[in-house]
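K.L.:
Coordinates in entry.pdb, PDB, C-alpha atoms, are listed below.
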ATOM      1  CA  MET T 240     101.143  71.839  90.489
ATOM      2  CA  SER T 241     101.419  74.094  93.534
ATOM      3  CA  LYS T 242     103.311  72.718  96.504
ATOM      4  CA  MET T 243     100.540  73.889  98.796
ATOM      5  CA  ASN T 244      96.942  72.810  98.366
ATOM      6  CA  ASN T 245      93.971  74.471  99.955
ATOM      7  CA  VAL T 246      92.324  72.261 102.563
ATOM      8  CA  ASN T 247      89.022  73.113 100.842
ATOM      9  CA  ARG T 248      89.968  70.535  98.205
ATOM     10  CA  LEU T 249      89.800  67.780 100.838
ATOM     11  CA  PRO T 250      86.632  68.311 102.927
ATOM     12  CA  ARG T 251      84.832  70.258 100.186
ATOM     13  CA  ALA T 252      81.427  69.248 101.472
ATOM     14  CA  LYS T 253      82.059  71.143 104.700
ATOM     15  CA  GLY T 254      83.213  74.280 102.871
ATOM     16  CA  ILE T 255      86.486  74.559 104.783
ATOM     17  CA  ASP T 256      88.800  77.153 103.296
ATOM     18  CA  MET T 257      90.970  77.920 106.277
ATOM     19  CA  ALA T 258      94.275  76.076 105.963
ATOM     20  CA  MET T 259      97.227  75.046 103.844
ATOM     21  CA  VAL T 260      98.109  71.368 103.397
ATOM     22  CA  TYR T 261     101.714  70.151 103.188
ATOM     23  CA  SER T 262     102.540  66.564 102.244
ATOM     24  CA  PRO T 263     105.148  64.635 104.287
ATOM     25  CA  LYS T 264     107.620  65.104 101.406
ATOM     26  CA  GLU T 265     107.070  68.875 101.444
ATOM     27  CA  CYS T 266     107.490  68.866 105.232
ATOM     28  CA  ALA T 267     110.810  67.053 104.844
ATOM     29  CA  ARG T 268     112.089  69.816 102.563
ATOM     30  CA  LYS T 269     111.059  72.425 105.129
ATOM     31  CA  VAL T 270     113.038  70.848 107.979
ATOM     32  CA  LYS T 271     116.341  70.096 106.267
ATOM     33  CA  ARG T 272     118.030  72.681 108.498
ATOM     34  CA  ILE T 273     116.086  72.264 111.715
ATOM     35  CA  VAL T 274     118.117  72.411 114.937
ATOM     36  CA  LEU T 275     116.280  71.575 118.151
ATOM     37  CA  HIS T 276     117.383  72.281 121.693
ATOM     38  CA  PRO T 277     118.405  68.908 123.214
ATOM     39  CA  HIS T 278     115.585  69.079 125.777
ATOM     40  CA  ASN T 279     112.928  69.627 123.110
ATOM     41  CA  ARG T 280     114.413  66.944 120.890
ATOM     42  CA  GLN T 281     114.140  64.507 123.807
ATOM     43  CA  ILE T 282     110.475  65.430 124.335
ATOM     44  CA  ILE T 283     109.697  64.923 120.637
ATOM     45  CA  GLU T 284     111.547  61.620 120.415
ATOM     46  CA  GLU T 285     109.684  60.292 123.458
ATOM     47  CA  PHE T 286     106.383  61.510 122.009
ATOM     48  CA  LEU T 287     107.064  59.742 118.695
ATOM     49  CA  THR T 288     108.246  56.585 120.464
ATOM     50  CA  ILE T 289     104.992  56.392 122.408
ATOM     51  CA  LEU T 290     102.967  56.758 119.205
ATOM     52  CA  GLY T 291     104.844  53.756 117.844
ATOM     53  CA  MET T 292     103.898  51.641 120.888
ATOM     54  CA  LYS T 293     100.130  52.201 120.948
ATOM     55  CA  GLU T 294      99.194  48.568 121.582
ATOM     56  CA  LYS T 295     101.546  48.282 124.548
ATOM     57  CA  PHE T 296     100.218  51.474 126.132
ATOM     58  CA  ALA T 297      96.641  50.354 125.500
ATOM     59  CA  ALA T 298      97.386  47.062 127.263
ATOM     60  CA  HIS T 299      98.402  49.066 130.348
ATOM     61  CA  ASP T 300      95.380  51.395 129.974
ATOM     62  CA  VAL T 301      97.698  54.413 129.636
ATOM     63  CA  PRO T 302      96.391  57.113 127.244
ATOM     64  CA  ILE T 303      98.420  57.997 124.162
ATOM     65  CA  PRO T 304      99.447  61.696 123.949
ATOM     66  CA  ASN T 305      98.008  63.547 120.963
ATOM     67  CA  LYS T 306      98.160  67.244 121.859
ATOM     68  CA  VAL T 307     101.306  69.413 121.958
ATOM     69  CA  VAL T 308     101.586  73.088 122.907
ATOM     70  CA  MET T 309     104.760  75.067 122.158
ATOM     71  CA  PHE T 310     105.473  78.480 123.625
ATOM     72  CA  GLY T 311     108.278  81.007 123.306
ATOM     73  CA  PRO T 312     109.453  84.036 121.309
ATOM     74  CA  PRO T 313     108.848  84.339 117.544
ATOM     75  CA  GLY T 314     111.368  82.758 115.197
ATOM     76  CA  THR T 315     112.627  80.108 117.624
ATOM     77  CA  GLY T 316     111.492  77.020 115.689
ATOM     78  CA  LYS T 317     107.926  76.290 116.794
ATOM     79  CA  THR T 318     106.454  76.124 113.285
ATOM     80  CA  LEU T 319     109.397  74.072 112.018
ATOM     81  CA  THR T 320     108.802  71.607 114.846
ATOM     82  CA  ALA T 321     105.253  71.036 113.575
ATOM     83  CA  PHE T 322     106.654  70.350 110.092
ATOM     84  CA  TYR T 323     109.251  68.027 111.623
ATOM     85  CA  MET T 324     106.650  66.023 113.522
ATOM     86  CA  ALA T 325     104.502  65.659 110.400
ATOM     87  CA  GLN T 326     107.507  64.465 108.418
ATOM     88  CA  ARG T 327     108.517  61.945 111.105
ATOM     89  CA  LEU T 328     104.962  60.641 111.397
ATOM     90  CA  ASN T 329     104.548  60.561 107.603
ATOM     91  CA  LEU T 330     101.352  62.585 107.908
ATOM     92  CA  PRO T 331     100.218  65.720 106.064
ATOM     93  CA  LEU T 332     100.498  68.985 107.968
ATOM     94  CA  ILE T 333      97.330  71.091 108.106
ATOM     95  CA  LEU T 334      98.471  74.643 108.808
ATOM     96  CA  VAL T 335      95.439  76.657 109.891
ATOM     97  CA  ARG T 336      95.129  80.274 108.775
ATOM     98  CA  LEU T 337      93.813  82.211 111.782
ATOM     99  CA  ASP T 338      92.809  85.155 109.601
ATOM    100  CA  ALA T 339      90.315  82.791 107.959
ATOM    101  CA  ILE T 340      89.114  80.996 111.072
ATOM    102  CA  ILE T 341      88.352  84.141 113.120
ATOM    103  CA  HIS T 342      85.080  85.713 111.997
ATOM    104  CA  SER T 343      83.496  89.016 112.971
ATOM    105  CA  HIS T 344      80.577  86.939 114.228
ATOM    106  CA  LEU T 345      82.043  84.838 117.016
ATOM    107  CA  GLY T 346      79.429  82.137 116.516
ATOM    108  CA  GLU T 347      80.948  81.607 113.075
ATOM    109  CA  THR T 348      84.423  81.425 114.624
ATOM    110  CA  GLY T 349      83.298  78.615 116.912
ATOM    111  CA  SER T 350      81.779  76.817 113.935
ATOM    112  CA  ASN T 351      85.051  77.164 112.025
ATOM    113  CA  VAL T 352      86.997  75.714 114.955
ATOM    114  CA  ARG T 353      84.710  72.695 115.057
ATOM    115  CA  LYS T 354      84.963  72.143 111.274
ATOM    116  CA  ILE T 355      88.740  72.007 111.442
ATOM    117  CA  PHE T 356      88.786  69.558 114.358
ATOM    118  CA  ASP T 357      86.111  67.408 112.729
ATOM    119  CA  TYR T 358      88.276  67.196 109.632
ATOM    120  CA  ALA T 359      91.354  66.214 111.677
ATOM    121  CA  LYS T 360      89.358  63.528 113.506
ATOM    122  CA  SER T 361      88.271  61.958 110.210
ATOM    123  CA  THR T 362      91.552  62.333 108.295
ATOM    124  CA  PRO T 363      94.938  61.431 109.876
ATOM    125  CA  CYS T 364      97.138  64.548 109.927
ATOM    126  CA  VAL T 365      99.123  66.920 112.104
ATOM    127  CA  LEU T 366      96.760  69.820 112.746
ATOM    128  CA  PHE T 367      98.759  72.977 113.508
ATOM    129  CA  LEU T 368      97.428  76.263 114.910
ATOM    130  CA  ASP T 369      99.942  79.078 115.283
ATOM    131  CA  GLU T 370      99.149  82.164 117.381
ATOM    132  CA  PHE T 371      96.899  79.863 119.373
ATOM    133  CA  ASP T 372      96.215  82.540 121.992
ATOM    134  CA  ALA T 373      93.993  84.316 119.440
ATOM    135  CA  ILE T 374      91.240  81.744 120.041
ATOM    136  CA  ALA T 375      92.291  80.302 123.423
ATOM    137  CA  ARG T 376      92.622  83.419 125.595
ATOM    138  CA  THR T 377      91.689  83.280 129.236
ATOM    139  CA  ARG T 378      88.006  83.833 129.947
ATOM    140  CA  ASP T 379      87.116  86.893 131.990
ATOM    141  CA  ASN T 380      84.104  88.779 133.249
ATOM    142  CA  ASN T 381      83.917  91.719 130.868
ATOM    143  CA  ASP T 382      81.268  91.590 128.138
ATOM    144  CA  GLU T 383      83.677  91.485 125.211
ATOM    145  CA  VAL T 384      85.477  88.415 126.530
ATOM    146  CA  LYS T 385      82.171  86.752 127.454
ATOM    147  CA  GLU T 386      81.497  86.515 123.728
ATOM    148  CA  MET T 387      84.934  85.046 123.086
ATOM    149  CA  ALA T 388      84.377  82.619 125.971
ATOM    150  CA  ARG T 389      81.898  80.796 123.750
ATOM    151  CA  VAL T 390      84.707  80.155 121.291
ATOM    152  CA  VAL T 391      86.932  78.896 124.123
ATOM    153  CA  ASN T 392      84.147  76.575 125.289
ATOM    154  CA  THR T 393      83.826  75.167 121.765
ATOM    155  CA  LEU T 394      87.588  74.696 121.636
ATOM    156  CA  LEU T 395      87.534  72.860 124.976
ATOM    157  CA  GLN T 396      84.880  70.495 123.672
ATOM    158  CA  CYS T 397      86.920  69.855 120.514
ATOM    159  CA  LEU T 398      90.049  69.113 122.551
ATOM    160  CA  ASP T 399      88.143  66.741 124.843
ATOM    161  CA  GLU T 400      86.682  64.896 121.845
ATOM    162  CA  PHE T 401      89.938  64.822 119.866
ATOM    163  CA  GLU T 402      90.884  61.225 119.106
ATOM    164  CA  GLY T 403      92.005  58.989 116.276
ATOM    165  CA  GLU T 404      95.259  58.992 114.332
ATOM    166  CA  SER T 405      95.779  62.774 114.161
ATOM    167  CA  ILE T 406      97.986  64.991 116.320
ATOM    168  CA  PHE T 407      97.090  68.514 117.392
ATOM    169  CA  VAL T 408      99.942  71.017 117.715
ATOM    170  CA  ALA T 409      99.486  74.588 118.941
ATOM    171  CA  ALA T 410     102.017  77.407 119.214
ATOM    172  CA  THR T 411     101.896  80.733 121.023
ATOM    173  CA  ASN T 412     104.168  83.605 121.988
ATOM    174  CA  LEU T 413     101.806  84.503 124.845
ATOM    175  CA  GLU T 414     101.417  81.374 126.954
ATOM    176  CA  ASP T 415     100.395  83.397 130.032
ATOM    177  CA  GLN T 416      97.255  84.485 128.158
ATOM    178  CA  LEU T 417      95.979  80.962 127.478
ATOM    179  CA  ASP T 418      92.898  79.911 129.388
ATOM    180  CA  ASP T 419      93.815  77.620 132.295
ATOM    181  CA  ALA T 420      91.354  74.946 131.192
ATOM    182  CA  ILE T 421      92.860  74.970 127.676
ATOM    183  CA  TRP T 422      96.353  74.683 129.143
ATOM    184  CA  ARG T 423      95.377  71.580 131.137
ATOM    185  CA  ARG T 424      94.151  69.789 127.999
ATOM    186  CA  PHE T 425      97.676  69.457 126.604
ATOM    187  CA  ASP T 426      99.605  66.348 127.549
ATOM    188  CA  THR T 427     102.884  67.629 126.068
ATOM    189  CA  LYS T 428     104.348  71.121 126.597
ATOM    190  CA  MET T 429     107.520  72.506 125.018
ATOM    191  CA  THR T 430     109.382  75.732 125.844
ATOM    192  CA  TYR T 431     111.295  77.585 123.132
ATOM    193  CA  ASP T 432     114.057  80.116 123.810
ATOM    194  CA  MET T 433     116.565  82.004 121.714
ATOM    195  CA  PRO T 434     119.361  79.700 120.478
ATOM    196  CA  ASP T 435     122.272  79.189 122.864
ATOM    197  CA  ASP T 436     125.890  79.137 121.685
ATOM    198  CA  ASN T 437     125.983  75.453 120.712
ATOM    199  CA  VAL T 438     122.653  75.511 118.903
ATOM    200  CA  ARG T 439     123.531  78.754 117.104
ATOM    201  CA  ASP T 440     126.903  77.364 115.943
ATOM    202  CA  GLU T 441     125.248  74.230 114.578
ATOM    203  CA  TYR T 442     122.529  76.195 112.815
ATOM    204  CA  ILE T 443     124.975  78.611 111.170
ATOM    205  CA  ARG T 444     126.983  75.672 109.822
ATOM    206  CA  LEU T 445     123.810  74.146 108.379
ATOM    207  CA  LEU T 446     122.746  77.453 106.823
ATOM    208  CA  ILE T 447     126.108  77.987 105.106
ATOM    209  CA  GLY T 448     126.381  74.316 104.157
ATOM    210  CA  ASP T 449     128.738  73.516 101.275
ATOM    211  CA  PHE T 450     128.428  77.004  99.762
ATOM    212  CA  GLY T 451     131.896  78.282  98.765
ATOM    213  CA  GLN T 452     133.209  80.236 101.750
ATOM    214  CA  GLU T 453     136.215  81.956 103.191
ATOM    215  CA  GLU T 454     138.018  80.409 106.153
ATOM    216  CA  GLN T 455     136.385  80.593 109.612
ATOM    217  CA  ILE T 456     133.308  82.398 108.316
ATOM    218  CA  ALA T 457     130.923  80.136 110.259
ATOM    219  CA  GLN T 458     132.614  80.986 113.538
ATOM    220  CA  LYS T 459     132.680  84.721 112.789
ATOM    221  CA  THR T 460     129.052  84.674 111.673
ATOM    222  CA  ALA T 461     127.950  82.870 114.824
ATOM    223  CA  GLU T 462     129.667  85.514 116.956
ATOM    224  CA  LEU T 463     128.096  88.372 114.989
ATOM    225  CA  LEU T 464     124.581  86.915 115.130
ATOM    226  CA  GLN T 465     124.596  86.138 118.842
ATOM    227  CA  GLY T 466     121.202  86.724 120.444
ATOM    228  CA  LEU T 467     119.173  86.404 117.230
ATOM    229  CA  SER T 468     116.365  83.968 116.497
ATOM    230  CA  PHE T 469     116.608  81.157 113.960
ATOM    231  CA  ALA T 470     114.390  83.144 111.596
ATOM    232  CA  ASP T 471     116.630  86.230 111.738
ATOM    233  CA  MET T 472     119.805  84.201 111.250
ATOM    234  CA  GLU T 473     118.327  82.427 108.236
ATOM    235  CA  GLN T 474     117.330  85.670 106.535
ATOM    236  CA  ILE T 475     120.746  87.254 107.090
ATOM    237  CA  VAL T 476     122.719  84.249 105.793
ATOM    238  CA  LEU T 477     120.441  83.868 102.753
ATOM    239  CA  LYS T 478     120.833  87.560 101.969
ATOM    240  CA  ALA T 479     124.618  87.168 102.236
ATOM    241  CA  LYS T 480     124.572  84.178  99.888
ATOM    242  CA  ARG T 481     122.673  86.240  97.323
ATOM    243  CA  LYS T 482     125.344  88.913  97.525
ATOM    244  CA  ALA T 483     128.056  86.296  97.005
ATOM    245  CA  ILE T 484     126.248  84.898  93.959
ATOM    246  CA  ILE T 485     125.918  88.397  92.476
ATOM    247  CA  ASP T 486     129.650  88.943  93.075
ATOM    248  CA  ASP T 487     130.437  85.485  91.649
ATOM    249  CA  SER T 488     132.586  84.836  94.707
ATOM    250  CA  ASP T 489     132.791  82.720  97.823
ATOM    251  CA  LEU T 490     130.746  83.773 100.832
ATOM    252  CA  THR T 491     132.809  86.309 102.776
ATOM    253  CA  TYR T 492     132.472  87.979 106.140
ATOM    254  CA  PRO T 493     131.785  91.385 104.497
ATOM    255  CA  HIS T 494     128.805  89.750 102.772
ATOM    256  CA  ILE T 495     127.531  88.676 106.202
ATOM    257  CA  MET T 496     128.182  92.057 107.823
ATOM    258  CA  ASN T 497     126.486  93.996 105.024
ATOM    259  CA  SER T 498     123.487  91.689 105.129
ATOM    260  CA  PHE T 499     123.297  92.053 108.897
ATOM    261  CA  ALA T 500     123.344  95.854 108.590
ATOM    262  CA  GLU T 501     120.646  95.819 105.897
ATOM    263  CA  TYR T 502     118.377  93.328 107.651
ATOM    264  CA  ARG T 503     118.426  95.259 110.961
ATOM    265  CA  PRO T 504     117.029  92.617 113.334
ATOM    266  CA  LYS T 505     114.191  93.937 115.495
ATOM    267  CA  MET T 506     115.818  92.838 118.723
ATOM    268  CA  LEU T 507     118.917  94.920 118.048
ATOM    269  CA  LEU T 508     116.826  97.881 116.942
ATOM    270  CA  ALA T 509     114.970  97.726 120.248
ATOM    271  CA  GLU T 510     118.260  97.667 122.156
ATOM    272  CA  SER T 511     119.552 100.709 120.273
ATOM    273  CA  LYS T 512     116.457 102.696 121.311
ATOM    274  CA  SER T 513     116.687 101.765 124.982
TER     275      SER T 513
END
Would you encode the structure as structure tokens?
P.N.:
Amino acid sequence: MSKMNNVNRLPRAKGIDMAMVYSPKECARKVKRIVLHPHNRQIIEEFLTILGMKEKFAAHDVPIPNKVVMFGPPGTGKTLTAFYMAQRLNLPLILVRLDAIIHSHLGETGSNVRKIFDYAKSTPCVLFLDEFDAIARTRDNNDEVKEMARVVNTLLQCLDEFEGESIFVAATNLEDQLDDAIWRRFDTKMTYDMPDDNVRDEYIRLLIGDFGQEEQIAQKTAELLQGLSFADMEQIVLKAKRKAIIDDSDLTYPHIMNSFAEYRPKMLLAESKS
């Protein structure tokens, strides 16, 4: 059986065919190597602690947070955080496909947005929308955006009505383009940056793991990959491991360097052109 099931198999009556569903066990496999910045880890732990104290917060008439927005450059761990939260909450992750939700007829897009939120309200889950700015952009006065404003208005209504056992998580690389009213609906906000030295060192060690390796390769690799995102580092180390397996040898620094040269991270390519 496939590890990913189409959400259409759950709310079939509504005809939803716009997301992938990951079970908590599948989410756990995804986050085996997650490394969070200490500040973001603190935010998540507090968020999860509150969810475990619902009765106490209700007794004090303090609302429970249920909406998280993450913003920062690509490849810095936003999607993995959604998987991590689903795994910790023991809930399925509903990963929405924006290419399916956005329709050439914007009225259909608004309808799709409502279907997804209606499903999340009726079925406990972590509902995750990446590239959130695509449907939550700031409203303006030109005619084109007036049409999209209807979608934003629908989204605002869905956020205001969002309740129950589910959590809504959104991610964007363009937080300055989110509509102000959308921004205010989120009770939890998390900033993502490129990994610092400590985070990068920890992540490289996790990526290499117990794979046979030459001495001090983790340290050398961390120095070489300075300034890269988690996603870029993962691809380079995995490529190097493949080379080592082909060579039937331990992982060596030349494997890392050759993989780095072949992968050609976009950030470094941009620097070379400037």
K.L.:
List the spatial neighbours of Pro302 in chain T as an mmCIF file with C-alpha atoms, in the frame of the given file - criterion: any atom at most 10 Å away, all atoms listed in the file, same-chain residues fewer than 2 positions off excluded.
P.N.:
data_model
loop_
_atom_site.group_PDB
_atom_site.id
_atom_site.type_symbol
_atom_site.label_atom_id
_atom_site.label_comp_id
_atom_site.auth_asym_id
_atom_site.auth_seq_id
_atom_site.Cartn_x
_atom_site.Cartn_y
_atom_site.Cartn_z
ATOM 1 C CA ILE T 289 104.992 56.392 122.408
ATOM 2 C CA LYS T 293 100.130 52.201 120.948
ATOM 3 C CA PHE T 296 100.218 51.474 126.132
ATOM 4 C CA ALA T 297 96.641 50.354 125.500
ATOM 5 C CA HIS T 299 98.402 49.066 130.348
ATOM 6 C CA ASP T 300 95.380 51.395 129.974
ATOM 7 C CA PRO T 304 99.447 61.696 123.949
ATOM 8 C CA ASN T 305 98.008 63.547 120.963
ATOM 9 C CA ASP T 426 99.605 66.348 127.549
#
K.L.:
Would you write out, as a Markdown table, a table of all residues in range 260-314 of chain T that have an atom no more than 8 Å from an atom of range 435-440 of chain T, listing for each the closest atom pair and the distance in Å to one decimal, considering all atoms listed in the file and ordering rows by chain and rising residue number?
P.N.:
| residue | atom | partner | partner_atom | distance |
| --- | --- | --- | --- | --- |
| T:Val274 | CA | T:Val438 | CA | 6.8 |
| T:Leu275 | CA | T:Val438 | CA | 7.5 |
| T:His276 | CA | T:Val438 | CA | 6.8 |
K.L.:
When you look at Ser498 in chain T with a cut-off of 9 Å (counting all atoms listed in the file), what residues show up, excluding the ones that are within fewer than 5 positions of it in the same chain? I need them as a list in words.
P.N.:
Gln474, Ile475, Val476, Leu477, Lys478, Ala479, Lys482, Pro493 and Arg503 of chain T
K.L.:
List the neighbours of Phe367 in chain T out to 12 Å using all atoms listed in the file; skip same-chain residues closer than 4 positions along the sequence, and give me the result as a PyMOL selection string.
P.N.:
chain T and resi 257-261+306-309+317-325+331-337+355-356+359+371+405-411
K.L.:
Identify, on the basis of all atoms listed in the file, every residue whose closest approach to Asp372 in chain T does not exceed 12 Å; exclude the query and any residue fewer than 5 positions from it along the same chain; express the result as a PyMOL selection string.
P.N.:
chain T and resi 308-310+337+341+377-378+387+390-391+394+409-419+421-422
K.L.:
With C-alpha atoms retained, export the selected residues as a short mmCIF file (atom, residue, chain, number, x, y, z; two decimals), keeping the file's coordinate frame.
P.N.:
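So result-v3.cif came out as:
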data_model
loop_
_atom_site.label_atom_id
_atom_site.label_comp_id
_atom_site.auth_asym_id
_atom_site.auth_seq_id
_atom_site.Cartn_x
_atom_site.Cartn_y
_atom_site.Cartn_z
CA VAL T 308 101.59 73.09 122.91
CA MET T 309 104.76 75.07 122.16
CA PHE T 310 105.47 78.48 123.62
CA LEU T 337 93.81 82.21 111.78
CA ILE T 341 88.35 84.14 113.12
CA THR T 377 91.69 83.28 129.24
CA ARG T 378 88.01 83.83 129.95
CA MET T 387 84.93 85.05 123.09
CA VAL T 390 84.71 80.16 121.29
CA VAL T 391 86.93 78.90 124.12
CA LEU T 394 87.59 74.70 121.64
CA ALA T 409 99.49 74.59 118.94
CA ALA T 410 102.02 77.41 119.21
CA THR T 411 101.90 80.73 121.02
CA ASN T 412 104.17 83.60 121.99
CA LEU T 413 101.81 84.50 124.84
CA GLU T 414 101.42 81.37 126.95
CA ASP T 415 100.40 83.40 130.03
CA GLN T 416 97.26 84.48 128.16
CA LEU T 417 95.98 80.96 127.48
CA ASP T 418 92.90 79.91 129.39
CA ASP T 419 93.82 77.62 132.29
CA ILE T 421 92.86 74.97 127.68
CA TRP T 422 96.35 74.68 129.14
#
K.L.:
Given 6 Å of margin on each side, can you work out the centre and size in Å (one decimal) of an axis-aligned box holding every listed atom of range 352-361 of chain T, as AutoDock Vina command-line options?
P.N.:
--center_x 88.0 --center_y 68.8 --center_z 112.3 --size_x 18.6 --size_y 25.8 --size_z 17.4
K.L.:
How many Å separate CA of Asn279 in chain T from CA of Met472 in chain T?
P.N.:
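Taking CA of Asn279 in chain T and CA of Met472 in chain T, their separation equals 20.0 Å.
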